[in-house]
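Here is the file structure-v8.txt (compact mmCIF, N, CA and C atoms).
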```txt
# COMPACT_ATOMS: atom_id res chain seq x y z
N MET Y 1 -94.98 15.62 -42.84
CA MET Y 1 -94.14 16.39 -41.95
C MET Y 1 -93.03 15.49 -41.43
N THR Y 2 -91.80 15.98 -41.49
CA THR Y 2 -90.69 15.18 -41.00
C THR Y 2 -90.41 15.55 -39.56
N THR Y 3 -90.00 14.57 -38.84
CA THR Y 3 -89.65 14.75 -37.43
C THR Y 3 -88.15 14.72 -37.30
N PRO Y 4 -87.58 15.72 -36.61
CA PRO Y 4 -86.12 15.68 -36.44
C PRO Y 4 -85.70 14.46 -35.64
N SER Y 5 -84.54 13.96 -35.96
CA SER Y 5 -84.04 12.81 -35.20
C SER Y 5 -83.72 13.24 -33.78
N ALA Y 6 -83.60 12.29 -32.91
CA ALA Y 6 -83.29 12.57 -31.51
C ALA Y 6 -81.91 13.20 -31.36
N ASN Y 7 -81.04 12.99 -32.32
CA ASN Y 7 -79.68 13.53 -32.24
C ASN Y 7 -79.55 14.91 -32.88
N HIS Y 8 -80.62 15.45 -33.44
CA HIS Y 8 -80.55 16.74 -34.12
C HIS Y 8 -81.00 17.85 -33.18
N ASN Y 9 -80.15 18.84 -33.00
CA ASN Y 9 -80.46 19.99 -32.15
C ASN Y 9 -80.90 21.12 -33.05
N LEU Y 10 -82.18 21.53 -32.95
CA LEU Y 10 -82.71 22.58 -33.80
C LEU Y 10 -82.07 23.93 -33.52
N LEU Y 11 -81.48 24.13 -32.35
CA LEU Y 11 -80.88 25.41 -31.99
C LEU Y 11 -79.38 25.45 -32.25
N SER Y 12 -78.84 24.36 -32.73
CA SER Y 12 -77.39 24.34 -32.94
C SER Y 12 -77.02 25.18 -34.14
N GLY Y 13 -75.81 25.68 -34.12
CA GLY Y 13 -75.29 26.45 -35.23
C GLY Y 13 -74.56 25.55 -36.18
N PRO Y 14 -73.76 26.15 -37.02
CA PRO Y 14 -72.99 25.33 -37.97
C PRO Y 14 -71.98 24.46 -37.24
N PRO Y 15 -71.58 23.39 -37.87
CA PRO Y 15 -70.57 22.53 -37.23
C PRO Y 15 -69.23 23.24 -37.17
N PRO Y 16 -68.35 22.82 -36.29
CA PRO Y 16 -67.02 23.42 -36.22
C PRO Y 16 -66.28 23.23 -37.54
N THR Y 17 -65.50 24.24 -37.90
CA THR Y 17 -64.66 24.14 -39.09
C THR Y 17 -63.28 23.68 -38.65
N LEU Y 18 -62.81 22.63 -39.30
CA LEU Y 18 -61.51 22.05 -38.99
C LEU Y 18 -60.63 22.14 -40.22
N LEU Y 19 -59.60 22.97 -40.14
CA LEU Y 19 -58.68 23.13 -41.25
C LEU Y 19 -57.84 21.88 -41.44
N PRO Y 20 -57.40 21.63 -42.66
CA PRO Y 20 -56.55 20.45 -42.88
C PRO Y 20 -55.18 20.66 -42.25
N ALA Y 21 -54.60 19.56 -41.86
CA ALA Y 21 -53.26 19.60 -41.26
C ALA Y 21 -52.23 20.04 -42.30
N ALA Y 22 -51.22 20.74 -41.81
CA ALA Y 22 -50.10 21.16 -42.65
C ALA Y 22 -48.82 20.79 -41.91
N PRO Y 23 -48.52 19.49 -41.82
CA PRO Y 23 -47.39 19.07 -41.00
C PRO Y 23 -46.05 19.65 -41.44
N ALA Y 24 -45.87 19.90 -42.72
CA ALA Y 24 -44.59 20.44 -43.19
C ALA Y 24 -44.33 21.83 -42.61
N VAL Y 25 -45.37 22.62 -42.43
CA VAL Y 25 -45.21 23.97 -41.87
C VAL Y 25 -44.78 23.87 -40.42
N ALA Y 26 -45.51 23.09 -39.65
CA ALA Y 26 -45.18 22.92 -38.23
C ALA Y 26 -43.79 22.31 -38.06
N GLU Y 27 -43.46 21.33 -38.89
CA GLU Y 27 -42.14 20.70 -38.81
C GLU Y 27 -41.03 21.70 -39.13
N ALA Y 28 -41.24 22.54 -40.13
CA ALA Y 28 -40.23 23.53 -40.49
C ALA Y 28 -39.98 24.50 -39.34
N LEU Y 29 -41.03 24.97 -38.72
CA LEU Y 29 -40.88 25.89 -37.57
C LEU Y 29 -40.22 25.17 -36.40
N ALA Y 30 -40.66 23.93 -36.12
CA ALA Y 30 -40.10 23.18 -35.00
C ALA Y 30 -38.62 22.86 -35.21
N SER Y 31 -38.20 22.74 -36.46
CA SER Y 31 -36.80 22.42 -36.73
C SER Y 31 -35.90 23.65 -36.68
N GLY Y 32 -36.50 24.80 -36.42
CA GLY Y 32 -35.70 26.01 -36.29
C GLY Y 32 -35.62 26.87 -37.53
N ALA Y 33 -36.37 26.55 -38.56
CA ALA Y 33 -36.37 27.39 -39.76
C ALA Y 33 -36.88 28.78 -39.40
N ALA Y 34 -36.29 29.78 -40.00
CA ALA Y 34 -36.71 31.17 -39.75
C ALA Y 34 -38.16 31.34 -40.21
N PRO Y 35 -38.96 32.07 -39.43
CA PRO Y 35 -40.35 32.29 -39.83
C PRO Y 35 -40.48 32.91 -41.23
N GLU Y 36 -39.52 33.79 -41.61
CA GLU Y 36 -39.55 34.37 -42.95
C GLU Y 36 -39.43 33.29 -44.02
N THR Y 37 -38.58 32.32 -43.77
CA THR Y 37 -38.39 31.21 -44.70
C THR Y 37 -39.66 30.37 -44.78
N VAL Y 38 -40.26 30.12 -43.63
CA VAL Y 38 -41.48 29.30 -43.59
C VAL Y 38 -42.62 30.01 -44.31
N ALA Y 39 -42.80 31.30 -44.05
CA ALA Y 39 -43.87 32.05 -44.72
C ALA Y 39 -43.65 32.10 -46.23
N ALA Y 40 -42.40 32.24 -46.65
CA ALA Y 40 -42.10 32.28 -48.09
C ALA Y 40 -42.29 30.92 -48.74
N ARG Y 41 -41.93 29.87 -48.02
CA ARG Y 41 -42.05 28.51 -48.57
C ARG Y 41 -43.50 28.02 -48.58
N PHE Y 42 -44.27 28.46 -47.57
CA PHE Y 42 -45.67 28.03 -47.43
C PHE Y 42 -46.57 29.26 -47.27
N PRO Y 43 -46.68 30.11 -48.29
CA PRO Y 43 -47.41 31.37 -48.14
C PRO Y 43 -48.90 31.21 -47.86
N ALA Y 44 -49.49 30.09 -48.19
CA ALA Y 44 -50.92 29.88 -47.93
C ALA Y 44 -51.20 29.50 -46.48
N ALA Y 45 -50.18 29.16 -45.72
CA ALA Y 45 -50.35 28.72 -44.33
C ALA Y 45 -50.30 29.91 -43.39
N SER Y 46 -51.30 30.05 -42.56
CA SER Y 46 -51.38 31.17 -41.61
C SER Y 46 -50.31 31.11 -40.53
N LEU Y 47 -49.85 29.91 -40.19
CA LEU Y 47 -48.95 29.77 -39.04
C LEU Y 47 -47.65 30.56 -39.21
N GLY Y 48 -47.01 30.48 -40.35
CA GLY Y 48 -45.78 31.24 -40.56
C GLY Y 48 -46.00 32.74 -40.42
N TRP Y 49 -47.08 33.24 -40.96
CA TRP Y 49 -47.42 34.66 -40.86
C TRP Y 49 -47.72 35.04 -39.42
N ALA Y 50 -48.41 34.16 -38.70
CA ALA Y 50 -48.72 34.45 -37.30
C ALA Y 50 -47.45 34.56 -36.47
N VAL Y 51 -46.50 33.65 -36.69
CA VAL Y 51 -45.24 33.69 -35.95
C VAL Y 51 -44.48 34.98 -36.28
N LEU Y 52 -44.45 35.36 -37.56
CA LEU Y 52 -43.81 36.62 -37.94
C LEU Y 52 -44.47 37.81 -37.23
N ALA Y 53 -45.79 37.82 -37.18
CA ALA Y 53 -46.51 38.91 -36.51
C ALA Y 53 -46.21 38.95 -35.02
N GLU Y 54 -46.22 37.79 -34.38
CA GLU Y 54 -45.92 37.74 -32.94
C GLU Y 54 -44.51 38.21 -32.66
N ASP Y 55 -43.56 37.80 -33.51
CA ASP Y 55 -42.17 38.25 -33.35
C ASP Y 55 -42.06 39.76 -33.52
N ALA Y 56 -42.75 40.30 -34.51
CA ALA Y 56 -42.71 41.75 -34.75
C ALA Y 56 -43.33 42.52 -33.58
N LEU Y 57 -44.39 41.99 -33.01
CA LEU Y 57 -44.98 42.64 -31.83
C LEU Y 57 -43.99 42.66 -30.67
N ARG Y 58 -43.32 41.54 -30.44
CA ARG Y 58 -42.32 41.49 -29.36
C ARG Y 58 -41.16 42.44 -29.63
N ALA Y 59 -40.86 42.69 -30.89
CA ALA Y 59 -39.76 43.57 -31.26
C ALA Y 59 -40.18 45.04 -31.32
N GLY Y 60 -41.43 45.34 -30.96
CA GLY Y 60 -41.90 46.72 -30.97
C GLY Y 60 -42.13 47.26 -32.37
N GLN Y 61 -42.53 46.40 -33.29
CA GLN Y 61 -42.77 46.79 -34.68
C GLN Y 61 -44.24 46.53 -35.05
N PRO Y 62 -45.16 47.34 -34.51
CA PRO Y 62 -46.58 47.05 -34.72
C PRO Y 62 -47.05 47.16 -36.16
N VAL Y 63 -46.44 48.02 -36.98
CA VAL Y 63 -46.88 48.13 -38.37
C VAL Y 63 -46.50 46.87 -39.14
N ALA Y 64 -45.28 46.38 -38.95
CA ALA Y 64 -44.89 45.12 -39.58
C ALA Y 64 -45.76 43.98 -39.06
N ALA Y 65 -46.02 43.96 -37.76
CA ALA Y 65 -46.88 42.93 -37.18
C ALA Y 65 -48.26 42.95 -37.80
N TYR Y 66 -48.79 44.15 -37.99
CA TYR Y 66 -50.12 44.30 -38.60
C TYR Y 66 -50.12 43.69 -40.01
N ALA Y 67 -49.09 44.00 -40.78
CA ALA Y 67 -49.02 43.48 -42.15
C ALA Y 67 -48.90 41.95 -42.17
N TYR Y 68 -48.03 41.41 -41.34
CA TYR Y 68 -47.89 39.95 -41.28
C TYR Y 68 -49.19 39.29 -40.80
N ALA Y 69 -49.78 39.85 -39.75
CA ALA Y 69 -51.01 39.27 -39.20
C ALA Y 69 -52.16 39.36 -40.20
N ARG Y 70 -52.26 40.47 -40.91
CA ARG Y 70 -53.32 40.64 -41.91
C ARG Y 70 -53.16 39.60 -43.01
N THR Y 71 -51.93 39.33 -43.41
CA THR Y 71 -51.69 38.31 -44.43
C THR Y 71 -52.12 36.94 -43.92
N GLY Y 72 -51.69 36.59 -42.70
CA GLY Y 72 -52.07 35.30 -42.12
C GLY Y 72 -53.57 35.15 -41.94
N TYR Y 73 -54.20 36.24 -41.55
CA TYR Y 73 -55.66 36.27 -41.37
C TYR Y 73 -56.36 35.98 -42.70
N HIS Y 74 -55.97 36.70 -43.76
CA HIS Y 74 -56.63 36.51 -45.04
C HIS Y 74 -56.34 35.14 -45.65
N ARG Y 75 -55.11 34.65 -45.49
CA ARG Y 75 -54.82 33.31 -45.99
C ARG Y 75 -55.66 32.28 -45.23
N GLY Y 76 -55.85 32.51 -43.93
CA GLY Y 76 -56.69 31.62 -43.12
C GLY Y 76 -58.15 31.67 -43.54
N LEU Y 77 -58.66 32.87 -43.85
CA LEU Y 77 -60.04 32.96 -44.32
C LEU Y 77 -60.23 32.15 -45.60
N ASP Y 78 -59.23 32.23 -46.48
CA ASP Y 78 -59.30 31.43 -47.72
C ASP Y 78 -59.42 29.95 -47.39
N GLN Y 79 -58.59 29.47 -46.46
CA GLN Y 79 -58.62 28.06 -46.07
C GLN Y 79 -59.93 27.69 -45.40
N LEU Y 80 -60.42 28.58 -44.52
CA LEU Y 80 -61.69 28.30 -43.85
C LEU Y 80 -62.81 28.14 -44.87
N ARG Y 81 -62.86 29.03 -45.83
CA ARG Y 81 -63.92 28.95 -46.85
C ARG Y 81 -63.80 27.66 -47.67
N ARG Y 82 -62.57 27.29 -48.01
CA ARG Y 82 -62.39 26.03 -48.75
C ARG Y 82 -62.80 24.82 -47.90
N SER Y 83 -62.79 24.99 -46.59
CA SER Y 83 -63.15 23.90 -45.69
C SER Y 83 -64.63 23.92 -45.32
N GLY Y 84 -65.41 24.77 -45.97
CA GLY Y 84 -66.86 24.78 -45.77
C GLY Y 84 -67.39 25.86 -44.85
N TRP Y 85 -66.54 26.69 -44.29
CA TRP Y 85 -66.96 27.75 -43.39
C TRP Y 85 -67.78 28.77 -44.17
N LYS Y 86 -68.89 29.21 -43.60
CA LYS Y 86 -69.81 30.12 -44.29
C LYS Y 86 -69.79 31.53 -43.68
N GLY Y 87 -68.74 31.89 -42.99
CA GLY Y 87 -68.64 33.23 -42.44
C GLY Y 87 -68.98 33.33 -40.97
N HIS Y 88 -69.34 32.21 -40.38
CA HIS Y 88 -69.62 32.17 -38.94
C HIS Y 88 -69.55 30.72 -38.47
N GLY Y 89 -69.49 30.60 -37.18
CA GLY Y 89 -69.43 29.26 -36.59
C GLY Y 89 -68.09 28.99 -35.94
N PRO Y 90 -68.03 27.95 -35.16
CA PRO Y 90 -66.82 27.66 -34.39
C PRO Y 90 -65.62 27.26 -35.24
N VAL Y 91 -64.48 27.77 -34.79
CA VAL Y 91 -63.18 27.39 -35.34
C VAL Y 91 -62.36 27.01 -34.11
N PRO Y 92 -62.46 25.76 -33.67
CA PRO Y 92 -61.92 25.38 -32.36
C PRO Y 92 -60.39 25.43 -32.25
N TRP Y 93 -59.95 26.02 -31.15
CA TRP Y 93 -58.53 26.06 -30.80
C TRP Y 93 -57.99 24.65 -30.59
N SER Y 94 -58.82 23.75 -30.11
CA SER Y 94 -58.39 22.39 -29.80
C SER Y 94 -57.92 21.64 -31.05
N HIS Y 95 -58.32 22.09 -32.23
CA HIS Y 95 -57.87 21.47 -33.47
C HIS Y 95 -56.60 22.20 -33.92
N GLU Y 96 -55.46 21.56 -33.73
CA GLU Y 96 -54.14 22.17 -33.95
C GLU Y 96 -54.02 22.94 -35.28
N PRO Y 97 -54.49 22.41 -36.41
CA PRO Y 97 -54.35 23.15 -37.66
C PRO Y 97 -55.08 24.50 -37.69
N ASN Y 98 -56.06 24.70 -36.81
CA ASN Y 98 -56.78 25.99 -36.74
C ASN Y 98 -55.95 27.07 -36.06
N ARG Y 99 -54.93 26.69 -35.32
CA ARG Y 99 -54.23 27.64 -34.46
C ARG Y 99 -53.46 28.71 -35.23
N GLY Y 100 -52.97 28.41 -36.42
CA GLY Y 100 -52.28 29.44 -37.20
C GLY Y 100 -53.21 30.59 -37.51
N PHE Y 101 -54.41 30.28 -37.97
CA PHE Y 101 -55.40 31.32 -38.25
C PHE Y 101 -55.77 32.08 -36.98
N LEU Y 102 -56.05 31.34 -35.92
CA LEU Y 102 -56.46 31.99 -34.67
C LEU Y 102 -55.34 32.86 -34.09
N ARG Y 103 -54.11 32.41 -34.18
CA ARG Y 103 -52.97 33.22 -33.71
C ARG Y 103 -52.80 34.46 -34.56
N ALA Y 104 -52.98 34.34 -35.88
CA ALA Y 104 -52.89 35.50 -36.76
C ALA Y 104 -53.99 36.51 -36.42
N LEU Y 105 -55.18 36.02 -36.14
CA LEU Y 105 -56.29 36.89 -35.77
C LEU Y 105 -56.00 37.62 -34.46
N ALA Y 106 -55.47 36.92 -33.49
CA ALA Y 106 -55.11 37.54 -32.21
C ALA Y 106 -54.01 38.58 -32.40
N ALA Y 107 -53.00 38.24 -33.20
CA ALA Y 107 -51.90 39.18 -33.46
C ALA Y 107 -52.43 40.41 -34.20
N LEU Y 108 -53.37 40.23 -35.09
CA LEU Y 108 -53.96 41.36 -35.80
C LEU Y 108 -54.70 42.27 -34.82
N SER Y 109 -55.39 41.69 -33.87
CA SER Y 109 -56.07 42.50 -32.86
C SER Y 109 -55.07 43.32 -32.05
N ARG Y 110 -53.99 42.66 -31.59
CA ARG Y 110 -52.97 43.37 -30.80
C ARG Y 110 -52.27 44.46 -31.62
N ALA Y 111 -51.90 44.14 -32.85
CA ALA Y 111 -51.21 45.12 -33.70
C ALA Y 111 -52.12 46.31 -34.01
N ALA Y 112 -53.38 46.04 -34.29
CA ALA Y 112 -54.32 47.12 -34.56
C ALA Y 112 -54.44 48.04 -33.35
N ALA Y 113 -54.50 47.45 -32.17
CA ALA Y 113 -54.58 48.27 -30.95
C ALA Y 113 -53.32 49.12 -30.80
N GLU Y 114 -52.17 48.54 -31.10
CA GLU Y 114 -50.91 49.28 -30.94
C GLU Y 114 -50.77 50.44 -31.91
N ILE Y 115 -51.40 50.34 -33.08
CA ILE Y 115 -51.32 51.47 -34.02
C ILE Y 115 -52.51 52.41 -33.88
N GLY Y 116 -53.37 52.13 -32.92
CA GLY Y 116 -54.49 53.03 -32.63
C GLY Y 116 -55.77 52.74 -33.40
N ASP Y 117 -55.87 51.62 -34.06
CA ASP Y 117 -57.08 51.25 -34.78
C ASP Y 117 -57.96 50.40 -33.86
N GLU Y 118 -58.60 51.07 -32.91
CA GLU Y 118 -59.39 50.36 -31.90
C GLU Y 118 -60.58 49.62 -32.49
N GLU Y 119 -61.19 50.16 -33.54
CA GLU Y 119 -62.33 49.48 -34.16
C GLU Y 119 -61.91 48.11 -34.70
N GLU Y 120 -60.76 48.08 -35.39
CA GLU Y 120 -60.25 46.80 -35.93
C GLU Y 120 -59.82 45.87 -34.80
N ALA Y 121 -59.17 46.42 -33.79
CA ALA Y 121 -58.74 45.60 -32.65
C ALA Y 121 -59.94 44.93 -31.99
N THR Y 122 -61.00 45.68 -31.80
CA THR Y 122 -62.21 45.15 -31.16
C THR Y 122 -62.88 44.11 -32.05
N ARG Y 123 -62.98 44.41 -33.36
CA ARG Y 123 -63.60 43.47 -34.29
C ARG Y 123 -62.85 42.14 -34.31
N CYS Y 124 -61.53 42.21 -34.34
CA CYS Y 124 -60.73 40.97 -34.39
C CYS Y 124 -60.83 40.19 -33.09
N ARG Y 125 -60.83 40.91 -31.97
CA ARG Y 125 -60.96 40.23 -30.67
C ARG Y 125 -62.32 39.52 -30.59
N GLN Y 126 -63.37 40.18 -31.06
CA GLN Y 126 -64.70 39.57 -31.03
C GLN Y 126 -64.77 38.37 -31.96
N PHE Y 127 -64.15 38.49 -33.13
CA PHE Y 127 -64.11 37.38 -34.08
C PHE Y 127 -63.40 36.19 -33.45
N LEU Y 128 -62.31 36.45 -32.74
CA LEU Y 128 -61.58 35.38 -32.06
C LEU Y 128 -62.47 34.73 -31.00
N ALA Y 129 -63.14 35.54 -30.20
CA ALA Y 129 -64.03 35.00 -29.16
C ALA Y 129 -65.19 34.22 -29.76
N ASP Y 130 -65.72 34.70 -30.88
CA ASP Y 130 -66.81 33.99 -31.55
C ASP Y 130 -66.32 32.67 -32.17
N SER Y 131 -65.07 32.64 -32.61
CA SER Y 131 -64.51 31.43 -33.20
C SER Y 131 -64.32 30.36 -32.12
N ASP Y 132 -63.73 30.76 -31.01
CA ASP Y 132 -63.54 29.86 -29.86
C ASP Y 132 -63.10 30.68 -28.67
N PRO Y 133 -63.92 30.83 -27.64
CA PRO Y 133 -63.53 31.61 -26.46
C PRO Y 133 -62.23 31.14 -25.83
N VAL Y 134 -61.91 29.86 -25.96
CA VAL Y 134 -60.65 29.34 -25.42
C VAL Y 134 -59.45 30.04 -26.08
N ALA Y 135 -59.59 30.35 -27.37
CA ALA Y 135 -58.50 30.97 -28.12
C ALA Y 135 -58.13 32.34 -27.55
N VAL Y 136 -59.10 33.04 -26.98
CA VAL Y 136 -58.82 34.36 -26.40
C VAL Y 136 -57.79 34.23 -25.29
N GLY Y 137 -57.99 33.28 -24.41
CA GLY Y 137 -57.03 33.06 -23.33
C GLY Y 137 -55.73 32.46 -23.81
N GLU Y 138 -55.81 31.52 -24.75
CA GLU Y 138 -54.59 30.85 -25.23
C GLU Y 138 -53.67 31.80 -25.98
N THR Y 139 -54.22 32.83 -26.60
CA THR Y 139 -53.42 33.77 -27.36
C THR Y 139 -53.05 35.02 -26.56
N GLY Y 140 -53.48 35.06 -25.31
CA GLY Y 140 -53.12 36.18 -24.45
C GLY Y 140 -53.99 37.41 -24.59
N LEU Y 141 -55.14 37.30 -25.24
CA LEU Y 141 -56.02 38.45 -25.37
C LEU Y 141 -57.02 38.57 -24.22
N ALA Y 142 -57.01 37.61 -23.32
CA ALA Y 142 -57.98 37.62 -22.20
C ALA Y 142 -57.73 38.79 -21.27
```

Would you mind writing the file's structure down as structure tokens?
Amino acid sequence: MTTPSANHNLLSGPPPTLLPAAPAVAEALASGAAPETVAARFPAASLGWAVLAEDALRAGQPVAAYAYARTGYHRGLDQLRRSGWKGHGPVPWSHEPNRGFLRALAALSRAAAEIGDEEEATRCRQFLADSDPVAVGETGLA
């Protein structure tokens, strides 16, 4: 019979998933590149799609926001899976590269609510809270 080490918590869940850094994406946005240009140049990165979705929400275009956010969400799921995520577990807001995915997820929740898809809005909000409760407040869904 093996004994767990003193540092092993039997009740702990999976370790946090930390996406790889994408400095070129953040640098492009910080330098003033249009979000459309960033999303087209780096389509696998959730951050460009999240910014497009947030901009569309501010512009009163919830259908466009939904489409942009859904793209960022799915591209983020692809990255999470490649990083070892098994469909659950923490995706911490404190890790900067995770924020594109988390922002896309929050924007998807808001856009879904605006088009009347309350089931999707609720599911996305819960997914965000399950990923990191801090992200709910940081993205304005609190």

One-decimal distance in Å that lies between atom CA of Y:Arg99 and atom CA of Y:Leu19: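 About the pair atom CA of Y:Leu19 and atom CA of Y:Arg99: they are 9.3 Å apart.
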
Please provide the set of residues having any atom within 10 Å of Y:Val136, restricted to only C-alpha atoms, with same-chain residues fewer than 3 positions apart removed, written as a ChimeraX atom specification. /Y:93,102-103,106,125-133,139-142

Find the residues near stretch 121-123 of chain Y: any atom within 6 Å, counting only C-alpha atoms, skip ones fewer than 4 places away on the same chain, and give them as a ChimeraX atom specification. /Y:109,112-113

Of Y:Arg75, Y:Val63, Y:His95, Y:Gly116, the one nearest to Y:Ala44 when counting only N, CA and C atoms is Y:Arg75

Between atom CA of Y:Pro15 and atom CA of Y:Phe42 - distance in Å to one decimal: 27.5 Å

Find the spatial neighbours of Y:Glu96, counting all atoms listed in the file, within a cut-off of 7 Å - ignore same-chain residues fewer than 4 positions away - and output them as a ChimeraX atom specification. /Y:21,92,100

Record the distance separating atom C of Y:Ser31 and atom CA of Y:Leu108, expressed in Å with one decimal. 25.3 Å

Centre and edge lengths of an axis-aligned box around all listed atoms of stretch 83-100 of chain Y, with 3 Å added on each side, are to be given in Å to one decimal, as AutoDock Vina command-line options.
```
--center_x -61.0 --center_y 27.4 --center_z -38.2 --size_x 23.5 --size_y 17.9 --size_z 22.8
```

So, counting only C-alpha atoms, which residue among Y:Thr71, Y:Thr37, Y:Asn98, Y:Thr17 is closest to Y:Ala53? Y:Thr71

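Compared by their closest atoms to Y:Pro23, and using only C-alpha atoms, the residues Y:Glu120, Y:Ala107, Y:Pro97, Y:Ala67 rank with Y:Pro97 nearest.
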
For the structure I just gave you, how does DSSP split stretch 36-117 of chain Y - specifically, which residues are helix (DSSP H, G or I)? Reply as a PyMOL selection string. chain Y and resi 36-41+46-58+62-82+96-114

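In this comparison, which uses only N, CA and C atoms, the residue of Y:Ala33, Y:Gly89, Y:Ala22, Y:Phe101 approaching Y:Leu77 most closely is Y:Phe101.
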
Between Y:Leu80, Y:Ala111, Y:Cys124, Y:Ala104, which has the minimum distance to Y:Val51 (counting all atoms listed in the file)?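 The answer is Y:Ala104, which sits nearest to Y:Val51.
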
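In terms of minimum interatomic distance to Y:Arg41, Y:Ala24 ranks closest within Y:Ala24, Y:Ala69, Y:Leu57, Y:Leu105, counting only C-alpha atoms.
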